[in-house]
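Encoded as structure tokens, the structure appears first; notes follow it.
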Amino acid sequence: MTLPEQRPGSPGGAPPRPLSPLSDDPEVSRLRFELAIDAAGIGSFDWDLVTGRLTWDEQLLALFGFEEGEFGETIDAFAARLHPDDRERTLQALQGAIDTCGDYAAEFRAVLPSGEIRWIEGRGRALTDASGVAVRLLGAGIDTTRVREGEARVSRVLETMRSAFFALDRRWRFTYVNAEAERVLHRSREELLGGVIWELFPAAVGSDFETHYRAAAEAGEERVFEAHYPPPLDAWYEVRAWPGPDGLSVYFLDVTERRAAEQQARDSAARLALVAEVSALMSTALGSSTAEERALQRVARAVVPVLGDWVVLTLSDAVDGRMRDVASWHRDPALRTTTATYAGLRLASVAPDAPVLQALESGRLLTVDDVQAVVRPTLPEGEVRDVFDVLAPRSAVTLPLLARGRTLGALSVYRGSDRPAADAEDVRAAREVADRVALGLDNARLFDQQRRLAEALQRSMLTAPPQPDHAEIVVRYQPAVQAAQVGGDWYDAFLQPDGATVLVIGDVVGHDTEAAATMGQLRGMLRGIAHRGDHPPDAVLTELDAAVDGLGLHSMATAVVARVEQTPEQRAAGRTTLRWSNAGHPPPLLLTPSGEVRTLGTERGELMLGVDPGARRSSSAVEVARGSTLLLYTDGLVEGRDLLLDEGIELLRTALAQLADLPLERLCDALVTRLRPEGLQDDVALVAIRLHAQ
């Protein structure tokens with residue numbers, strides 16, 4: 001490295017003066033400043049307020065289009081190049097700086113001799129003499145044409161956009177609003193520009209708009225959201241707000257129509273789902289008035305809030321035809337008890353021409369747009385009017401529940417003042433719901449009538465058991481809870497001439513009138529065959545099988561025939577013989593005095609009746625002590641959709657052991673309840689005999 005040559009020292013050997021940094025050299029600093037000014041396109045001026053001479057540098061002269069020596073160095077020469085629309089404003093800004101001895105700032109257009117227009121931003125400051133009077137104004141001007149042209153292009157784009165746009169400064173004042181924003185916000189630019197958004201749109205305070213705008217400004221992150229502005233705009237907006245150095249830019253679309261279409265689609269889907277749900281709910285309205293009311297209560301819960309704010313369902317009693325409000329529901333949990341109270345009072349309180357009574361009497365749909373004006377005056381003073389006022393309905397639709405020309409009840413749907421009255425789609429859906437409810441109720445009642453008729457017919461074929469002196473016999477027949485057809489299950493118990501007791505359990509394949517007729521024939525033939533003498537059970541089934549074939553019954557059935565017989569010696573010893581034969585039926589169960597449960601025979605017996613008239617039959621026998629219990633039953637007790645046969649028989653064995661100490665009547669009832677707590681899926685018949693202990 002070569003060191004710079006040292007400058008000659010002063011006499012006496014004094015050290016040389018160190019070189020000054022470039023920044024300390026006035027000439028260098030001036031040169032750097034001028035280069036920067038030229039590069040930035042800035043021109044300077046000096047206005048002597050005492051002499052009136054206005055001096056411009058070459059850069060400023062070029063900005064205004066003056067040739068060398070052309071500029072007159074007066075304020076009038078400057079004013080002559082100003083755009084007419086900007087002249088007065090610009091000169092006032094200069095005069096203001098002079099009068100206040102302060103700063104000057106203005107942006108204006110200069111019109112060049114060629115007709116070209118340039119935007120120039122001028123800035124300056126007034127200088128004063130010792131007395132504080134302005135004597136000079138120094139300043140500069142910069143060409144902002146490109147910036148202005150860029151802003152103009154952006155503005156043209158923003159103005160032609162079909163989306164609304166506005167800009168806010170950091171004090172939340174509107175600085176720009178495009179034409180679409182004027183239209184959407186229902187305000188002109190003159191009203192908006194310079195105004196504070198929270199003052200011009202007070203409903204935005206505390207809303208999603210304020211939350212997201214402030215969050216975007218504070219976090220410096222874009223926010224996209226949808227929000228509703230209440231009347232007078234009453235519209236939904238999709239908003240995109242992004243922060244910038246000068247404030248917040250907001251782009252937004254009026255999406256009210258889109259939201260309405262989406263809501264309409266959701267409402268339509270909800271109405272369709274409601275109709276399907278009501279159809280499913282009414283399929284359970286079977287068997288009794290209690291079941292009907294439970295189903296209607298579930299319907300009331302489903303209807304709210306899809307069709308209304310609260311609902312009351314009226315039902316005609318199947319016996320006496322009286323109308324009762326049996327179900328109600330409100331979307332507000334706090335008002336459900338009040339709704340139920342009103343439902344309990346209204347029919348006894350409303351006027352004879354009340355909408356619900358008109359609908360019930362005429363069978364026509366009725367709509368009430370102003371319930372307060374139509375219904376409230378007809379209510380008597382007191383509790384019913386008080387609860388009505390608490391519920392505060394505004395509109396209502398009442399629909400009769402019609403089926404096969406009969407009015408079974410009514411559906412009343414109410415809406416409050418914050419919800420518009422039901423439109424055509426709502427009414428159409430409500431009518432569909434009412435029709436489904438009515439059809440379900442009518443089917444349920446018809447079904448119940450058929451079930452009762454079937455049960456009565458079935459029971460008419462099943463006689464009461466005898467009560468011999470040596471034993472107690474109990475029989476049970478329970479139809480399925482959801483079946484209306486005559487079944488093929490049967491039981492029988494009778495005494496033979498020699499004193500033996502015969503027990504029979506059977507089940508004809510099928511659930512129809514043909515099965516019931518076959519059951520009656522088989523039962524009668526078996527009685528006749530067994531009653532002729534001391535035929536063992538296998539012989540009885542063999543002859544019965546032959547009769548089925550010979551008479552051409554073309555039916556199949558399972559059966560167990562059991563014979564309780566006792567010799568004089570066995571009577572003296574307290575012993576009894578149980579002899580049985582099984583044609584494809586679930587096995588009998590024996591409960592011993594000690595509480596042991598035994599299965600008699602195999603899981604399934606020999607071939608069922610009606611398959612092969614030449615099938616071999618056999619009997620089995622077991623000797624039992626006094627106090628023993630024999631149980632015969634049909635498969636409806638131990639088999640179903642939710643229960644396999646083997647599992648069901650094992651459950652029955654367990655239950656029989658656990659309930660062994662119960663009297664025979666209670667034991668039979670308890671077995672049905674224990675094995676089928678949810679109700680029977682199939683008919684059940686059973687017959688039990690308990691030998692007396694003494």
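Labeling convention for the structure tokens: chains A, B, ... as they appear, residues from 1 per chain, ligands from 1 in order of appearance.
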
- Message: For the structure I just gave you, how does DSSP split segment 583-613 of chain A - specifically, which residues are strand (DSSP E)? Reply as a list of chain:residue names.
- Response: A:Ala583, A:Leu589, A:Leu590, A:Leu591, A:Val597, A:Arg598, A:Thr599

Export N, CA, C and O atoms of the chosen residues as an mmCIF file, in the first residue's frame?
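part.cif, written as the output of this step:
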data_model
loop_
_atom_site.group_PDB
_atom_site.id
_atom_site.type_symbol
_atom_site.label_atom_id
_atom_site.label_comp_id
_atom_site.auth_asym_id
_atom_site.auth_seq_id
_atom_site.Cartn_x
_atom_site.Cartn_y
_atom_site.Cartn_z
ATOM 1 N N ALA A 583 -92.805 -80.254 17.230
ATOM 2 C CA ALA A 583 -92.752 -80.162 15.761
ATOM 3 C C ALA A 583 -92.177 -78.809 15.368
ATOM 4 O O ALA A 583 -92.909 -77.873 15.012
ATOM 5 N N LEU A 589 -89.513 -75.072 28.611
ATOM 6 C CA LEU A 589 -88.601 -74.887 29.739
ATOM 7 C C LEU A 589 -89.272 -75.409 31.007
ATOM 8 O O LEU A 589 -90.469 -75.185 31.231
ATOM 9 N N LEU A 590 -88.477 -76.061 31.836
ATOM 10 C CA LEU A 590 -88.971 -76.623 33.096
ATOM 11 C C LEU A 590 -88.263 -75.926 34.244
ATOM 12 O O LEU A 590 -87.027 -75.890 34.295
ATOM 13 N N LEU A 591 -89.059 -75.378 35.169
ATOM 14 C CA LEU A 591 -88.529 -74.758 36.378
ATOM 15 C C LEU A 591 -88.800 -75.696 37.547
ATOM 16 O O LEU A 591 -89.953 -75.973 37.876
ATOM 17 N N VAL A 597 -83.498 -74.338 36.073
ATOM 18 C CA VAL A 597 -84.224 -74.232 34.802
ATOM 19 C C VAL A 597 -83.610 -75.227 33.834
ATOM 20 O O VAL A 597 -82.406 -75.190 33.569
ATOM 21 N N ARG A 598 -84.464 -76.091 33.282
ATOM 22 C CA ARG A 598 -84.001 -77.102 32.335
ATOM 23 C C ARG A 598 -84.701 -76.899 30.993
ATOM 24 O O ARG A 598 -85.893 -76.572 30.942
ATOM 25 N N THR A 599 -83.951 -77.138 29.918
ATOM 26 C CA THR A 599 -84.512 -77.091 28.567
ATOM 27 C C THR A 599 -84.923 -78.502 28.184
ATOM 28 O O THR A 599 -84.117 -79.431 28.245
#

- Quick one: everything within 10 Å of Ala140 of chain A, counting only C-alpha atoms, minus sequence neighbours fewer than 5 positions away in the same chain. Send it as a ChimeraX atom specification. /A:37,42-46,56-57,59-60,105,120-125

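For Asp489 of chain A, the residues within 8 Å (counting only C-alpha atoms, excluding itself and residues fewer than 5 positions away along the chain) are Ile505, Gly506, Asp507, Val508, Met519, Thr634, Asp683, Val684 and Ala685 of chain A.
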
- Based on DSSP run over this structure's backbone, return all residues of segment 317-356 of chain A in helix (DSSP H, G or I), as a PyMOL selection string. chain A and resi 333-349+355-356

Okay, now the selection with all heavy atoms, as a compact mmCIF listing (two decimals), in the first residue's frame?
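The new file out-v6.txt reads:
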# COMPACT_ATOMS: atom_id res chain seq x y z
N PRO A 333 -86.53 -21.01 24.69
CA PRO A 333 -86.79 -21.92 25.82
C PRO A 333 -87.51 -21.24 26.98
O PRO A 333 -88.30 -21.88 27.68
CB PRO A 333 -85.38 -22.38 26.23
CG PRO A 333 -84.55 -22.22 24.99
CD PRO A 333 -85.10 -21.01 24.29
N ALA A 334 -87.25 -19.95 27.18
CA ALA A 334 -87.87 -19.25 28.30
C ALA A 334 -89.37 -19.06 28.11
O ALA A 334 -90.09 -18.78 29.07
CB ALA A 334 -87.20 -17.89 28.48
N LEU A 335 -89.88 -19.21 26.87
CA LEU A 335 -91.31 -18.98 26.60
C LEU A 335 -92.08 -20.27 26.33
O LEU A 335 -93.25 -20.22 25.98
CB LEU A 335 -91.46 -18.04 25.40
CG LEU A 335 -91.00 -16.59 25.64
CD1 LEU A 335 -91.11 -15.79 24.35
CD2 LEU A 335 -91.82 -15.94 26.75
N ARG A 336 -91.44 -21.42 26.50
CA ARG A 336 -92.13 -22.67 26.20
C ARG A 336 -93.23 -22.98 27.22
O ARG A 336 -94.31 -23.45 26.86
CB ARG A 336 -91.12 -23.81 26.12
CG ARG A 336 -90.30 -23.74 24.83
CD ARG A 336 -89.12 -24.65 24.80
NE ARG A 336 -88.30 -24.36 23.62
CZ ARG A 336 -87.06 -24.78 23.45
NH1 ARG A 336 -86.47 -25.53 24.38
NH2 ARG A 336 -86.38 -24.46 22.36
N THR A 337 -92.97 -22.68 28.47
CA THR A 337 -94.01 -22.89 29.49
C THR A 337 -95.17 -21.93 29.25
O THR A 337 -96.35 -22.31 29.37
CB THR A 337 -93.43 -22.67 30.89
OG1 THR A 337 -92.37 -23.60 31.11
CG2 THR A 337 -94.49 -22.87 31.95
N THR A 338 -94.87 -20.69 28.88
CA THR A 338 -95.92 -19.72 28.57
C THR A 338 -96.75 -20.17 27.38
O THR A 338 -97.99 -20.05 27.38
CB THR A 338 -95.28 -18.34 28.27
OG1 THR A 338 -94.43 -17.96 29.35
CG2 THR A 338 -96.35 -17.29 28.06
N THR A 339 -96.09 -20.72 26.37
CA THR A 339 -96.81 -21.23 25.19
C THR A 339 -97.73 -22.38 25.58
O THR A 339 -98.88 -22.45 25.12
CB THR A 339 -95.82 -21.70 24.12
OG1 THR A 339 -94.91 -20.64 23.83
CG2 THR A 339 -96.53 -22.11 22.85
N ALA A 340 -97.24 -23.28 26.43
CA ALA A 340 -98.07 -24.40 26.87
C ALA A 340 -99.27 -23.90 27.68
O ALA A 340 -100.38 -24.45 27.57
CB ALA A 340 -97.22 -25.37 27.71
N THR A 341 -99.05 -22.85 28.47
CA THR A 341 -100.16 -22.28 29.25
C THR A 341 -101.22 -21.70 28.32
O THR A 341 -102.43 -21.91 28.51
CB THR A 341 -99.63 -21.18 30.19
OG1 THR A 341 -98.66 -21.75 31.08
CG2 THR A 341 -100.77 -20.58 31.00
N TYR A 342 -100.77 -20.98 27.29
CA TYR A 342 -101.72 -20.42 26.33
C TYR A 342 -102.48 -21.53 25.61
O TYR A 342 -103.70 -21.44 25.41
CB TYR A 342 -100.99 -19.54 25.33
CG TYR A 342 -101.90 -18.93 24.29
CD1 TYR A 342 -102.81 -17.93 24.64
CD2 TYR A 342 -101.86 -19.35 22.96
CE1 TYR A 342 -103.65 -17.36 23.69
CE2 TYR A 342 -102.69 -18.79 22.00
CZ TYR A 342 -103.59 -17.80 22.38
OH TYR A 342 -104.43 -17.25 21.44
N ALA A 343 -101.78 -22.59 25.24
CA ALA A 343 -102.43 -23.71 24.56
C ALA A 343 -103.48 -24.36 25.46
O ALA A 343 -104.48 -24.87 24.98
CB ALA A 343 -101.39 -24.74 24.13
N GLY A 344 -103.24 -24.34 26.75
CA GLY A 344 -104.21 -24.93 27.67
C GLY A 344 -105.43 -24.06 27.92
O GLY A 344 -106.44 -24.55 28.43
N LEU A 345 -105.33 -22.77 27.55
CA LEU A 345 -106.42 -21.85 27.86
C LEU A 345 -107.20 -21.36 26.64
O LEU A 345 -108.36 -20.98 26.74
CB LEU A 345 -105.86 -20.61 28.58
CG LEU A 345 -105.21 -20.84 29.95
CD1 LEU A 345 -104.53 -19.55 30.41
CD2 LEU A 345 -106.25 -21.29 30.96
N ARG A 346 -106.56 -21.35 25.47
CA ARG A 346 -107.12 -20.58 24.36
C ARG A 346 -108.44 -21.11 23.83
O ARG A 346 -109.34 -20.33 23.52
CB ARG A 346 -106.11 -20.47 23.22
CG ARG A 346 -105.84 -21.74 22.47
CD ARG A 346 -105.19 -21.47 21.12
NE ARG A 346 -105.06 -22.70 20.36
CZ ARG A 346 -104.77 -22.75 19.08
NH1 ARG A 346 -104.59 -21.64 18.40
NH2 ARG A 346 -104.67 -23.91 18.45
N LEU A 347 -108.61 -22.43 23.67
CA LEU A 347 -109.85 -22.94 23.07
C LEU A 347 -111.07 -22.62 23.92
O LEU A 347 -112.17 -22.44 23.40
CB LEU A 347 -109.74 -24.45 22.85
CG LEU A 347 -108.81 -24.89 21.71
CD1 LEU A 347 -108.84 -26.39 21.56
CD2 LEU A 347 -109.18 -24.21 20.40
N ALA A 348 -110.85 -22.53 25.24
CA ALA A 348 -111.98 -22.20 26.12
C ALA A 348 -112.20 -20.70 26.21
O ALA A 348 -113.20 -20.26 26.79
CB ALA A 348 -111.72 -22.76 27.52
N SER A 349 -111.30 -19.91 25.61
CA SER A 349 -111.36 -18.46 25.78
C SER A 349 -111.62 -17.69 24.50
O SER A 349 -112.15 -16.57 24.55
CB SER A 349 -110.03 -17.96 26.39
OG SER A 349 -109.73 -18.64 27.59
N PRO A 355 -109.74 -17.70 14.40
CA PRO A 355 -109.19 -18.41 13.23
C PRO A 355 -109.09 -19.91 13.42
O PRO A 355 -109.39 -20.68 12.51
CB PRO A 355 -107.80 -17.77 13.06
CG PRO A 355 -107.95 -16.39 13.61
CD PRO A 355 -108.92 -16.53 14.76
N VAL A 356 -108.67 -20.36 14.61
CA VAL A 356 -108.52 -21.80 14.80
C VAL A 356 -109.86 -22.50 14.71
O VAL A 356 -109.98 -23.59 14.13
CB VAL A 356 -107.82 -22.09 16.15
CG1 VAL A 356 -108.64 -21.59 17.33
CG2 VAL A 356 -107.56 -23.59 16.29

Judged by only C-alpha atoms, the minimum distance to Thr407 of chain A among A:Ala688, A:Leu630, A:Leu439, A:Ala241 is found for A:Leu439

Could you jot down the atom CA of Gly206 of chain A to atom CA of Ala392 of chain A separation for me, Å, one decimal place?
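If I compute the distance from atom CA of Gly206 of chain A to atom CA of Ala392 of chain A, I get 29.1 Å.
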
With segment 170-186 of chain A as the partner and 8 Å as the cut-off, tabulate the residues of segment 217-335 of chain A that qualify, each row holding the nearest pair of atoms and their distance in Å to one decimal, using only C-alpha atoms, sorted by chain and rising number, as JSON lines.
{"residue": "A:Leu233", "atom": "CA", "partner": "A:Leu185", "partner_atom": "CA", "distance": 7.1}
{"residue": "A:Asp246", "atom": "CA", "partner": "A:Arg170", "partner_atom": "CA", "distance": 6.4}
{"residue": "A:Gly247", "atom": "CA", "partner": "A:Arg170", "partner_atom": "CA", "distance": 4.6}
{"residue": "A:Leu248", "atom": "CA", "partner": "A:Arg170", "partner_atom": "CA", "distance": 7.4}
{"residue": "A:Asp254", "atom": "CA", "partner": "A:Val184", "partner_atom": "CA", "distance": 7.2}

Within 8 Å of Met525 of chain A, counting only C-alpha atoms, which residues qualify if same-chain residues fewer than 4 places away don't, as a PDB file with N, CA and C atoms, in the first residue's frame?
ATOM      1  N   GLN A 521    -108.357 -73.782  12.463  1.00  0.00           N
ATOM      2  CA  GLN A 521    -108.593 -75.168  12.048  1.00  0.00           C
ATOM      3  C   GLN A 521    -107.656 -76.141  12.773  1.00  0.00           C
ATOM      4  N   ILE A 529    -108.527 -84.520  18.083  1.00  0.00           N
ATOM      5  CA  ILE A 529    -107.662 -85.710  18.060  1.00  0.00           C
ATOM      6  C   ILE A 529    -107.219 -86.069  19.471  1.00  0.00           C
ATOM      7  N   LEU A 544    -102.464 -85.043  13.275  1.00  0.00           N
ATOM      8  CA  LEU A 544    -102.711 -83.666  12.849  1.00  0.00           C
ATOM      9  C   LEU A 544    -101.988 -83.378  11.537  1.00  0.00           C
TER      10      LEU A 544
END

For Leu541 of chain A, work out the shell of residues within 8 Å, counting only C-alpha atoms and skipping chain neighbours fewer than 5 positions away, then give it as a compact mmCIF listing (two decimals) with N, CA and C atoms, in the first residue's frame.
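Written file, part39.txt:
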# COMPACT_ATOMS: atom_id res chain seq x y z
N LEU A 526 -106.68 -80.41 16.48
CA LEU A 526 -105.81 -80.99 17.52
C LEU A 526 -106.62 -81.31 18.77
N VAL A 561 -96.90 -80.24 21.84
CA VAL A 561 -98.01 -80.82 22.60
C VAL A 561 -97.40 -81.48 23.83
N SER A 581 -94.07 -83.70 22.71
CA SER A 581 -93.54 -83.89 21.37
C SER A 581 -93.45 -82.52 20.70
N ALA A 583 -92.80 -80.25 17.23
CA ALA A 583 -92.75 -80.16 15.76
C ALA A 583 -92.18 -78.81 15.37
N LEU A 609 -95.05 -79.08 11.12
CA LEU A 609 -96.27 -79.59 10.49
C LEU A 609 -96.44 -79.02 9.09
N ARG A 617 -92.57 -88.95 14.20
CA ARG A 617 -92.75 -88.15 15.40
C ARG A 617 -92.40 -89.00 16.62

Students should find that atom CA of Ala530 of chain A and atom CA of Thr576 of chain A are spaced 19.4 Å
